[in-house]
Amino acid sequence: MILRTFGWSFVVTALALVTALFYGGPEALFLCLILAVLEVSLSFDNAVVNAKVLERMSEAWQKIFLTVGVLIAVFGMRLVFPLLVVSVTAGLGPIEAVRLAMEKGDVHEPGSYGYILAEAHPQIAAFGGLFLLMLFLDFVLSDREITWLSWIERPLARAGKLANLSVVIAAIALVLASELLAEDPHIVLLSGVLGMITYLAVNGLGSLFEDSDMLDDDVSDEDAGDGSAPLTGRPNGPTTLAKATGKAGFFLFLYLEVLDASFSFDGVIGAFAITADPIIIALGLGFIGAMFVRSITIFLVRKGTLAEYVYLEHGAHWAIGALATILLLSIKWHINEVVTGLIGVVFIGAAFWSSLRHRRRHGVDGPESTGTITSSTDHPTAV
């Protein structure tokens, strides 16, 4: 299982480290390792949430996520995205942006590649922060059979019965962040609104087509039987083994890519505090970090870890809420990436420990240890 799941990640890691060594010597090799560890530590909660969505996708779309999705993550977010930001912000053409990147100017040097990217951080943080905040709010404001931090999750679930409460809270947070933290409130407000719109659009379209596909599956089951009952064994819907295909699969894939991008913002920006070399950043964050995050996601799906450790999803979403808050605060203040990574590790670790205690109390096959969660919302991370 380990070799089959992480085999390609080990191969890519070895090739990336050898490339870094030949490219810049032992120093480049060390920086590449540091960036890889940074990416994995910042993105473990991303892997948990990705796994929850991925297990609902068909095998074909899972393969697309692991192939095309990796290319988007490696080349799109870790290499092309910073170049695009610098190009648009500084009004440079693509060739000039690449030339500026290869000059490896210091992040504190005005006009350098790293400096321009850092200057664009407020709008990047606003977009990613609001996208992740919407994801977190939709999770904690939904009614669930199993709760982790019950003392706060149950009151939030009751409050979540108020329609569109997540949008209201996110909008208030955006207004406060833009007015109190941003030097240019208008650009931060616009970026945050775009983050909210992106979440609502991708989430809504995914749910729409998934519901449509599920309905078609249910009708097909009835047609295949004798007309008395669907073959799924569930009179009110399709089998739980039904996987999203077609348009539903596409929008879940799109949702995962936007989610991965939102998680990548802090890592991409933070990498320039370690090195301004785009090649080293692409090798460490992209080829090694992104590949291992994908492998961890697949491992969680194949092992059924989220069903066995029922609070991991909760811990991941609380880590997402913390990351969203940090992104918004970083509009004004620099927050060390180590702090961001440690907060995520603490939430995931605490959720894992709580899950172990839950398994001991109820047994692996107990009625509450199946990981089944009922939800009043239909966003892509809900079961």
# chains A, B, ... in the order shown; residues from 1 in each chain; ligands from 1

$ residues_around --residues "stretch 173-179 of chain A" --least-positions-apart "4" --cutoff "12 Å" --atoms "only C-alpha atoms" --output "PyMOL selection string"
chain A and resi 122-123+125-131+133-134+137+166-169+183-196+324-333

$ write_last_selection --atoms "N, CA, C and O atoms" --output "compact mmCIF listing (two decimals), in the first residue's frame"
# COMPACT_ATOMS: atom_id res chain seq x y z
N PRO A 122 -1.73 41.34 -0.14
CA PRO A 122 -3.05 41.64 0.44
C PRO A 122 -4.22 41.12 -0.39
O PRO A 122 -5.15 40.50 0.15
N GLN A 123 -4.19 41.35 -1.71
CA GLN A 123 -5.31 40.87 -2.53
C GLN A 123 -5.31 39.35 -2.67
O GLN A 123 -6.37 38.72 -2.73
N ALA A 125 -4.20 37.28 -0.31
CA ALA A 125 -4.67 36.79 0.99
C ALA A 125 -6.17 36.97 1.14
O ALA A 125 -6.86 36.12 1.73
N ALA A 126 -6.71 38.08 0.62
CA ALA A 126 -8.15 38.32 0.72
C ALA A 126 -8.93 37.29 -0.08
O ALA A 126 -9.94 36.74 0.40
N PHE A 127 -8.48 36.99 -1.29
CA PHE A 127 -9.16 35.99 -2.12
C PHE A 127 -9.12 34.62 -1.46
O PHE A 127 -10.16 33.97 -1.24
N GLY A 128 -7.92 34.15 -1.12
CA GLY A 128 -7.78 32.83 -0.51
C GLY A 128 -8.42 32.76 0.86
O GLY A 128 -9.06 31.75 1.21
N GLY A 129 -8.30 33.82 1.65
CA GLY A 129 -8.88 33.82 2.99
C GLY A 129 -10.39 33.71 2.98
O GLY A 129 -10.97 32.96 3.76
N LEU A 130 -11.04 34.43 2.08
CA LEU A 130 -12.51 34.38 2.02
C LEU A 130 -13.00 33.05 1.45
O LEU A 130 -14.02 32.52 1.89
N PHE A 131 -12.28 32.49 0.48
CA PHE A 131 -12.66 31.18 -0.06
C PHE A 131 -12.61 30.13 1.06
O PHE A 131 -13.55 29.36 1.25
N LEU A 133 -12.57 30.67 4.31
CA LEU A 133 -13.50 31.01 5.39
C LEU A 133 -14.90 30.51 5.07
O LEU A 133 -15.60 29.98 5.95
N MET A 134 -15.33 30.65 3.81
CA MET A 134 -16.64 30.14 3.40
C MET A 134 -16.70 28.63 3.56
O MET A 134 -17.71 28.07 4.01
N LEU A 137 -16.97 27.90 7.34
CA LEU A 137 -18.28 28.26 7.89
C LEU A 137 -19.37 27.30 7.43
O LEU A 137 -20.24 26.92 8.24
N SER A 166 -23.51 31.83 6.64
CA SER A 166 -22.08 31.79 6.30
C SER A 166 -21.69 32.97 5.42
O SER A 166 -20.62 33.57 5.59
N VAL A 167 -22.57 33.34 4.49
CA VAL A 167 -22.30 34.49 3.62
C VAL A 167 -22.28 35.77 4.42
O VAL A 167 -21.42 36.64 4.22
N VAL A 168 -23.21 35.91 5.35
CA VAL A 168 -23.29 37.11 6.18
C VAL A 168 -22.02 37.27 7.03
O VAL A 168 -21.41 38.35 7.07
N ILE A 169 -21.60 36.18 7.69
CA ILE A 169 -20.40 36.25 8.54
C ILE A 169 -19.16 36.55 7.70
O ILE A 169 -18.32 37.37 8.08
N GLU A 183 -4.19 48.69 3.48
CA GLU A 183 -3.80 50.03 3.05
C GLU A 183 -4.67 50.50 1.90
O GLU A 183 -4.94 51.69 1.77
N ASP A 184 -5.07 49.56 1.05
CA ASP A 184 -5.97 49.87 -0.06
C ASP A 184 -7.25 49.05 0.12
O ASP A 184 -7.35 47.93 -0.39
N PRO A 185 -8.23 49.56 0.85
CA PRO A 185 -9.43 48.79 1.17
C PRO A 185 -10.19 48.30 -0.06
O PRO A 185 -10.75 47.20 -0.05
N HIS A 186 -10.20 49.09 -1.13
CA HIS A 186 -11.00 48.74 -2.29
C HIS A 186 -10.50 47.48 -2.99
O HIS A 186 -11.29 46.60 -3.36
N ILE A 187 -9.19 47.38 -3.16
CA ILE A 187 -8.64 46.21 -3.86
C ILE A 187 -8.80 44.95 -3.02
O ILE A 187 -9.08 43.87 -3.53
N VAL A 188 -8.66 45.09 -1.70
CA VAL A 188 -8.86 43.94 -0.80
C VAL A 188 -10.32 43.53 -0.79
O VAL A 188 -10.65 42.33 -0.82
N LEU A 189 -11.22 44.50 -0.76
CA LEU A 189 -12.65 44.20 -0.77
C LEU A 189 -13.04 43.48 -2.05
O LEU A 189 -13.77 42.48 -2.04
N LEU A 190 -12.52 43.97 -3.19
CA LEU A 190 -12.82 43.34 -4.48
C LEU A 190 -12.29 41.91 -4.52
O LEU A 190 -12.99 40.99 -4.96
N SER A 191 -11.05 41.71 -4.07
CA SER A 191 -10.46 40.38 -4.09
C SER A 191 -11.23 39.41 -3.20
O SER A 191 -11.46 38.26 -3.56
N GLY A 192 -11.64 39.89 -2.02
CA GLY A 192 -12.41 39.05 -1.12
C GLY A 192 -13.76 38.67 -1.69
O GLY A 192 -14.20 37.52 -1.56
N VAL A 193 -14.42 39.63 -2.32
CA VAL A 193 -15.71 39.34 -2.96
C VAL A 193 -15.55 38.30 -4.07
O VAL A 193 -16.37 37.39 -4.22
N LEU A 194 -14.46 38.41 -4.84
CA LEU A 194 -14.19 37.43 -5.88
C LEU A 194 -13.96 36.04 -5.27
O LEU A 194 -14.37 35.02 -5.84
N GLY A 195 -13.29 35.99 -4.12
CA GLY A 195 -13.10 34.71 -3.43
C GLY A 195 -14.42 34.10 -3.01
O GLY A 195 -14.64 32.89 -3.17
N MET A 196 -15.32 34.91 -2.47
CA MET A 196 -16.65 34.43 -2.08
C MET A 196 -17.45 33.96 -3.28
O MET A 196 -18.08 32.90 -3.27
N ALA A 324 -7.66 30.55 7.33
CA ALA A 324 -8.40 31.67 6.75
C ALA A 324 -8.20 32.93 7.59
O ALA A 324 -7.99 34.03 7.05
N THR A 325 -8.25 32.77 8.91
CA THR A 325 -8.04 33.91 9.81
C THR A 325 -6.63 34.47 9.67
O THR A 325 -6.43 35.70 9.62
N ILE A 326 -5.65 33.58 9.59
CA ILE A 326 -4.26 34.01 9.45
C ILE A 326 -4.06 34.76 8.13
O ILE A 326 -3.36 35.78 8.08
N LEU A 327 -4.67 34.27 7.06
CA LEU A 327 -4.54 34.94 5.76
C LEU A 327 -5.11 36.36 5.83
O LEU A 327 -4.51 37.31 5.29
N LEU A 328 -6.25 36.52 6.48
CA LEU A 328 -6.84 37.85 6.59
C LEU A 328 -5.99 38.77 7.47
O LEU A 328 -5.79 39.94 7.14
N LEU A 329 -5.47 38.24 8.58
CA LEU A 329 -4.61 39.04 9.44
C LEU A 329 -3.31 39.41 8.75
O LEU A 329 -2.73 40.48 9.00
N SER A 330 -2.85 38.53 7.85
CA SER A 330 -1.58 38.79 7.15
C SER A 330 -1.69 39.92 6.15
O SER A 330 -0.67 40.34 5.57
N ILE A 331 -2.89 40.41 5.91
CA ILE A 331 -3.06 41.60 5.07
C ILE A 331 -2.28 42.77 5.67
O ILE A 331 -1.71 43.59 4.95
N LYS A 332 -2.22 42.81 7.00
CA LYS A 332 -1.51 43.91 7.68
C LYS A 332 -0.24 43.45 8.36
O LYS A 332 0.78 44.15 8.34
N TRP A 333 -0.27 42.25 8.98
CA TRP A 333 0.88 41.78 9.74
C TRP A 333 1.47 40.52 9.13
O TRP A 333 0.73 39.64 8.66

$ closest_atom_pairs --of "stretch 28-111 of chain A" --to "stretch 284-291 of chain A" --cutoff "8 Å" --atoms "only C-alpha atoms" --output "CSV"
residue,atom,partner,partner_atom,distance
A:Leu31,CA,A:Gly284,CA,7.7
A:Cys32,CA,A:Gly284,CA,4.4
A:Leu33,CA,A:Gly284,CA,6.3
A:Ile34,CA,A:Gly284,CA,7.5
A:Leu35,CA,A:Gly284,CA,4.9
A:Ala36,CA,A:Gly284,CA,4.6
A:Val37,CA,A:Gly289,CA,7.1
A:Leu38,CA,A:Leu285,CA,7.9
A:Glu39,CA,A:Gly289,CA,5.2
A:Val40,CA,A:Gly289,CA,5.5
A:Val70,CA,A:Met291,CA,6.9
A:Ala73,CA,A:Ala290,CA,6.6
A:Val74,CA,A:Gly286,CA,4.2
A:Phe75,CA,A:Gly286,CA,7.2
A:Arg78,CA,A:Gly286,CA,5.7

$ closest_residue --among "A:Phe299, A:Phe81, A:Tyr311, A:Phe6" --to "A:Ser262" --atoms "only C-alpha atoms"
A:Phe81

$ closest_residue --among "A:Leu17, A:Val268, A:Ile281, A:Leu300" --to "A:Glu337" --atoms "only C-alpha atoms"
A:Val268

$ residues_around --residues "A:Val85" --least-positions-apart "2" --cutoff "12 Å" --atoms "only C-alpha atoms" --output "PyMOL selection string"
chain A and resi 76-83+87-94+97-98+101+113-121+123-124+265+268-269

$ residues_around --residues "A:Val258" --least-positions-apart "4" --cutoff "9 Å" --atoms "only C-alpha atoms" --output "PyMOL selection string"
chain A and resi 131+198-199+202+253-254+262-263

$ residues_around --residues "A:Val293" --least-positions-apart "6" --cutoff "7 Å" --atoms "only C-alpha atoms" --output "number ranges by chain"
A: 40, 43-44, 47

$ write_last_selection --atoms "N, CA, C and O atoms" --output "tab-separated table (two decimals), in the first residue's frame"
chain	number	residue	atom	x	y	z
A	40	VAL	N	4.25	20.41	2.92
A	40	VAL	CA	3.50	19.28	3.46
A	40	VAL	C	2.86	19.64	4.80
A	40	VAL	O	1.70	19.30	5.07
A	43	SER	N	-0.14	21.84	4.26
A	43	SER	CA	-1.21	21.31	3.41
A	43	SER	C	-1.79	19.98	3.88
A	43	SER	O	-2.57	19.38	3.13
A	44	PHE	N	-1.44	19.51	5.06
A	44	PHE	CA	-2.00	18.23	5.50
A	44	PHE	C	-3.50	18.33	5.68
A	44	PHE	O	-4.24	17.40	5.34
A	47	ALA	N	-5.06	17.91	2.43
A	47	ALA	CA	-5.16	16.51	2.01
A	47	ALA	C	-6.38	15.83	2.61
A	47	ALA	O	-7.06	15.03	1.95

$ residues_around --residues "stretch 343-358 of chain A" --least-positions-apart "3" --cutoff "8 Å" --atoms "only C-alpha atoms" --output "list in words"
Ser41, Leu42, Phe44, Asp45, Trp148, Glu308, Tyr309, Val310, Tyr311, Leu312, His314, Gly315, Ala316, Trp318, Ala319, Ile320, Ala322, Leu323, Val339, Thr340, Arg361, His362, Gly363 and Ser369 of chain A
